[in-house]
Amino acid sequence: MANVPGYVLKNSRTTRERAEKFISKIYFTDCNLFGKLYPKECPITALRHFAAPGRIPYSEAVKGDFKETKVGNSFGPLWSTHWFDLSMDVPADWIGEEVRLIWDSQSEALIWKDGVPLQGLSPESKRTDFVLTKSLKDQTKYRLYVEMACNGLFGGGLNGQINPPDNNKHFTLQTAKLATYDRDVAALIHDLEILTDMAKLLENDNRGYQALFAANSIVNTVVIGDRETYHRAHQIAVEFFSEQNSPNQHVISAVGNCHIDTAWLWTYDETKRKCARSFTSTIRLMEEYPDFKFACSQAQQFEWTKQLYPALYSDMKKYIAAGRFIPVGGTWVEMDGNIPSGEAFARQFLLGQKFFQKEFGKPCTEFWLPDTFGYSAQLPQILKLCGISRFVTQKLSWSLVNKFPHHTFWWSGIDGSRVLTHFPPGNTYGMKGHVDEVLRTLTNFQDKGRSNSSLYLFGYGDGGQGPTEDMLERLNRMKDIDGLPKVKMATPDEFFTEVEANDSKKLCHWMGELYLEIHNGTYTTQAETKKFNRFCELLMREVEIFSSLSLAESVARNVGPNAFKYPAEEIRRLWKSVLLNQFHDVLPGSSINLVYKDAVVLYKDVVDSSSPLLTKALQTLVQTQTSGDAKAIPLVANSCSWKRTKVVEISADQLTAALVNRATEPPVTQQDFTGKTLVITSAPSVGFAPLEPLSSLVNPVTVEKLSNGNIRLQNGLIEAVVDDCGRLTELRFPGSKKNAVAPGLYGNQLVLFDDVPLYWDAWDVMDYHLETRRPVEDVFEKAKIVLEGPLRASVEVSLKISDASYVKQLIVLDAHSPCLAFNTEVHWHENHKFLKVEFPVNVVAALATYEIQYGYLQRPTHFNTSWDWARFEVCGHKWADLSEYDWGVAVLNDSKYGWSCINNILRLSLLRSPKAPDEAADMGIQKFTYAVMPHKGVFQDAGVIQEAYNLNCPLRIDSFVLPDTSAVSRSFVEVDSPSVIFEALKLAEDAENVLVGRFYEAYGGHTTANIRFGFPVKNVKLCNLLENPIAEAVITFCPTSKSVEISFSPFQIISLLISI
């Protein structure tokens, strides 16, 4: 008989595929390892079901009317909740074995026992089993409840993940059984996963062949059912994995996370349950894997868990104290990075960091925002002022045009502040613990030589659920294998500390915004939400300012038990609602319709609850009387830090009251077409004054129809001519020949674009939409004069957008105003169309200027490079400006954030009409205002910034019964430098009778400002955005003048602790 050789010539492909099939979940499961993972099975003894009336608590659910059900039944519809009562008798011959519940309802679910949530389940996150016992003892009877949420990990889109929800969707209970679990088999499966992946991905490398040889040896060694061969086979893998890397190999710090979108393709209420499903699963893994570290952001989600799942929260706090469950981010939610105001950014950190400090004993040291759609250039300063010097994100890897040149670098903001920033080079926060991911992390890393470390974020995210047992097993095997980067479980702090110690001086710098070259349609989608956001941000500002002033006056008057009580808790509650709605899939407009219904409820509560707070504050501030026969006197309140003279609308009664005891000439008045009376009046800086209508005008507003049918409006400051379509043909200063409108073109030109992205409907507007421009020129009703002055002139025009949509505009010029306003009402019923308004400016400029948080940013108007043309749609706030030397034009708005400036055409984005994930996005009647302001000189000196505030913070007229009829004008905050903007005044979070005032330098230069307070002040200190005193900073407060003099650098934010 011929000798049998001790080897066989091998083909690498067939050898590798043989090993892959040996652990396949699909092929040859009757004779491979996977088929033996759960070797014994038995049905659940009794399975009963209760269709809950909603998302009810456990205590209520267990009292439900449970009825018998079975595997194969379907439950729904989408968003409904079903509870299951499971009675289980484990076979006696399973003694000593690990027993697991196997559950797959094609949906998310949560296991409960005795009122305590135990673990989440979801087939999409590969988590469909739960350990009943690791070794069955005498107890063989078990009872659990399963809370089935009728939604998938990503909601329930109809025929597509981001499509609108399928509200008739049902979910089938596919599996509900008990099984034993063979850990020896599981270990071999994980061994072979690593080895076969290394063999495939390092196929031309010697180490790849060694991995293939080891995998093949394992397959040859294993005899299915023979446990001794399992142990010998596993030892082959252990020996391979023990061959370590060189000391200078790249080190990957693996951090678990679950990135739960606070709302997206599901509602806030479902997110609360996602937190429980994800965090319970994480705790179960921490009990088994002592090296496992997990990062978790968003104070709001912690607070929900504390309120709804106290036992779970207690477990979380235990692991937080141990340094393994790591709060990160420092914010209330992972907010949008472009649209919120500067003050809203500050409050995200204030409430977030205060929560983390109170609950866990320390604030966060890393800003964690992996999934928002770009990052404001003012964020570095805000971070530093909140005690944060590190930043993690990965979203810029999504950019369509340019590849960002760094992964670890210093990011500098517009003021020069810098933070250490890291983009995990695996380009996702949802790694799964695979060989290709760690190799990709190393290959992609762009700062080799400067740094030798990177982050690796693993776990199922967006819809939550987080890391799994399989991920941890694979990562543990890759800790230190020759051929792969080193992988170690680490905290974000450990990673950054190492980089700071070894690499910080070698890293590159990036200055300015981190612009995401995709998802720029989110600056415009969901117009109502964005309008509410702007309105509520500024409403909260006024509530806080006047409540703070009322407290200061009340403390000074020492009125004892009748003192004004600052509504701190209510204001905090309302801010939380505003901040919650700024989550990065809500405010940008990329959520389902149900989310926006919830958002509107929150916004309306903010508006309705703030109004009485503001009224009460003003009543206290002006010392309103509540009895007597005196008549109410109208007062004008101004929250801005400059004196304002404006046209206001008042009632006939208010006008009558304002004229009591008036000895001067009759005021200039005008009736508008709604029956209101128009007057022009003044109010001091941050204060109030009696309504005193002016009795004369140097330059009344006039309006006339010209011989060619056009209409001219003028007020001594500007002149404008509009045509039949309401388009600007001329915009100039009186007596000037220079027209601000570019020759041959029209200002206020409404334009419609096709708006069909490649996939991300609500998110994306593509560059090619610019090729589809169509002017809106079809006139429903020609421009006509409706108000003729002397205080206000108005022209009304209506245009047909399409057979389904039209726009109605009131073009308004007020006396004493440098702006021409366009009050716009759009009846919008379009499909994948984009409405913008154009202002072609008679200017040559390479840069346009856009307001951002606490400052402004300049961006190119040309397409010289790919970095330039990728920014064809950008984010700005209340104003944008295009200027040349000594001349320019600004456009202001009350609720818009999308802009574009190409060459000399400044465009404001108005409305989009995507159909996914909200099929009704922006449909209906939309109202908003924008304005155009020509100016001489630079926009800073011309008052553009102040006029934008004026548009968004109108003077407030309220009537009060005063102690006497000679009301006194009061100014409470005065700033002598126009470049310094007074932004906020509030009660300090942790101090009694201490206010926090916020100011910022808005012009982009160095200045010194004298700030005078018109209320009693004991002392003033500098503080950061967390309201902690800055020990090394000293300022001099003059008690006689109640003033401080402070030096500001460009765009610097300064906060003051003001003792009253």
# chains A, B, ... in the order shown; residues from 1 in each chain; ligands from 1

$ residues_around --residues "Thr280 of chain A" --least-positions-apart "2" --cutoff "10 Å" --atoms "only C-alpha atoms" --output "ChimeraX atom specification"
/A:110-111,116-120,274-278,282-286,312-313,315-316,465

$ select_by_dssp --residues "segment 413-514 of chain A" --states "alpha helix (DSSP H)" --output "PyMOL selection string"
chain A and resi 435-444+469-477+492-502

$ residues_around --residues "segment 175-189 of chain A" --least-positions-apart "3" --cutoff "9 Å" --atoms "only C-alpha atoms" --output "VMD selection string"
chain A and resid 22 to 23 33 to 34 36 to 45 47 70 to 72 88 90 94 97 to 105 131 134 172 192 to 194 218 227 230 to 231 233 to 234 237 470 473

$ select_by_dssp --residues "segment 744-847 of chain A" --states "strand (DSSP E or B)" --output "ChimeraX atom specification"
/A:747,749-754,774-775,778-788,792-800,806-814,820-828,833-841,847

$ atom_distance --atom1 "atom CA of Glu303 of chain A" --atom2 "atom CA of Gly155 of chain A"
22.9 Å

$ residues_around --residues "Gly208 of chain A" --least-positions-apart "6" --cutoff "8 Å" --atoms "only C-alpha atoms" --output "ChimeraX atom specification"
/A:198-202,483

$ atom_distance --atom1 "atom CA of Ser548 of chain A" --atom2 "atom CA of Lys986 of chain A"
5.5 Å

$ closest_residue --among "A:Val797, A:Gln307, A:Pro693, A:Asp653" --to "Val722 of chain A" --atoms "only C-alpha atoms"
A:Val797

$ closest_residue --among "A:Val251, A:Val601, A:Leu659, A:Ala920" --to "Thr525 of chain A" --atoms "only C-alpha atoms"
A:Ala920

$ closest_residue --among "A:Thr865, A:Asn842, A:Asp672, A:Ser1047" --to "Pro743 of chain A" --atoms "only C-alpha atoms"
A:Asn842

$ atom_distance --atom1 "atom CA of Glu108 of chain A" --atom2 "atom CA of Glu469 of chain A"
17.6 Å

$ residues_around --residues "Ile571 of chain A" --least-positions-apart "5" --cutoff "9 Å" --atoms "only C-alpha atoms" --output "NGL selection string"
:A and (540 or 543-544 or 566 or 576 or 610 or 613)

$ write_last_selection --atoms "N, CA and C atoms" --output "PDB file, in the first residue's frame"
ATOM      1  N   MET A 540     -37.022  83.163  25.118  1.00  0.00           N
ATOM      2  CA  MET A 540     -36.388  82.795  26.378  1.00  0.00           C
ATOM      3  C   MET A 540     -35.371  83.854  26.803  1.00  0.00           C
ATOM      4  N   VAL A 543     -37.460  86.618  28.418  1.00  0.00           N
ATOM      5  CA  VAL A 543     -37.986  86.179  29.711  1.00  0.00           C
ATOM      6  C   VAL A 543     -36.891  86.267  30.771  1.00  0.00           C
ATOM      7  N   GLU A 544     -35.710  85.780  30.445  1.00  0.00           N
ATOM      8  CA  GLU A 544     -34.613  85.785  31.411  1.00  0.00           C
ATOM      9  C   GLU A 544     -34.134  87.197  31.714  1.00  0.00           C
ATOM     10  N   TYR A 566     -37.649  84.661  41.091  1.00  0.00           N
ATOM     11  CA  TYR A 566     -37.177  84.297  39.749  1.00  0.00           C
ATOM     12  C   TYR A 566     -37.616  82.869  39.435  1.00  0.00           C
ATOM     13  N   LYS A 576     -35.049  73.293  28.426  1.00  0.00           N
ATOM     14  CA  LYS A 576     -34.846  71.883  28.095  1.00  0.00           C
ATOM     15  C   LYS A 576     -35.666  71.491  26.874  1.00  0.00           C
ATOM     16  N   SER A 610     -44.124  80.928  28.541  1.00  0.00           N
ATOM     17  CA  SER A 610     -43.227  82.073  28.674  1.00  0.00           C
ATOM     18  C   SER A 610     -43.975  83.387  28.755  1.00  0.00           C
ATOM     19  N   LEU A 613     -44.774  84.512  32.228  1.00  0.00           N
ATOM     20  CA  LEU A 613     -43.529  84.802  32.942  1.00  0.00           C
ATOM     21  C   LEU A 613     -43.000  86.171  32.567  1.00  0.00           C
TER      22      LEU A 613
END

$ residues_around --residues "Lys432 of chain A" --least-positions-apart "4" --cutoff "12 Å" --atoms "only C-alpha atoms" --output "NGL selection string"
:A and (125-126 or 254-258 or 426 or 428 or 436-438 or 456-461 or 466-475)

$ write_last_selection --atoms "C-alpha atoms" --output "CSV table (one decimal), in the first residue's frame"
chain,number,residue,atom,x,y,z
A,125,SER,CA,-28.6,44.2,16.2
A,126,LYS,CA,-27.9,40.4,16.3
A,254,ALA,CA,-11.8,50.6,21.3
A,255,VAL,CA,-14.7,52.4,22.9
A,256,GLY,CA,-18.2,50.9,22.9
A,257,ASN,CA,-21.2,53.2,22.2
A,258,CYS,CA,-24.8,53.0,21.1
A,426,GLY,CA,-12.7,53.9,10.6
A,428,THR,CA,-18.1,55.3,11.6
A,436,ASP,CA,-11.3,44.7,8.1
A,437,GLU,CA,-12.4,47.6,10.4
A,438,VAL,CA,-9.1,47.6,12.4
A,456,TYR,CA,-12.4,52.8,17.3
A,457,LEU,CA,-16.1,53.3,18.2
A,458,PHE,CA,-18.0,50.0,18.1
A,459,GLY,CA,-21.6,49.1,18.7
A,460,TYR,CA,-24.9,49.3,16.9
A,461,GLY,CA,-25.9,52.9,16.7
A,466,GLY,CA,-24.8,49.2,21.2
A,467,PRO,CA,-22.1,46.5,21.5
A,468,THR,CA,-22.8,42.8,21.5
A,469,GLU,CA,-21.1,39.7,23.0
A,470,ASP,CA,-19.7,38.7,19.6
A,471,MET,CA,-18.1,42.1,19.1
A,472,LEU,CA,-16.3,41.9,22.5
A,473,GLU,CA,-15.1,38.4,21.8
A,474,ARG,CA,-13.6,39.3,18.5
A,475,LEU,CA,-12.0,42.5,19.9

$ closest_residue --among "A:His519, A:Gly464, A:Glu570, A:Asp761" --to "Pro164 of chain A" --atoms "only C-alpha atoms"
A:Asp761
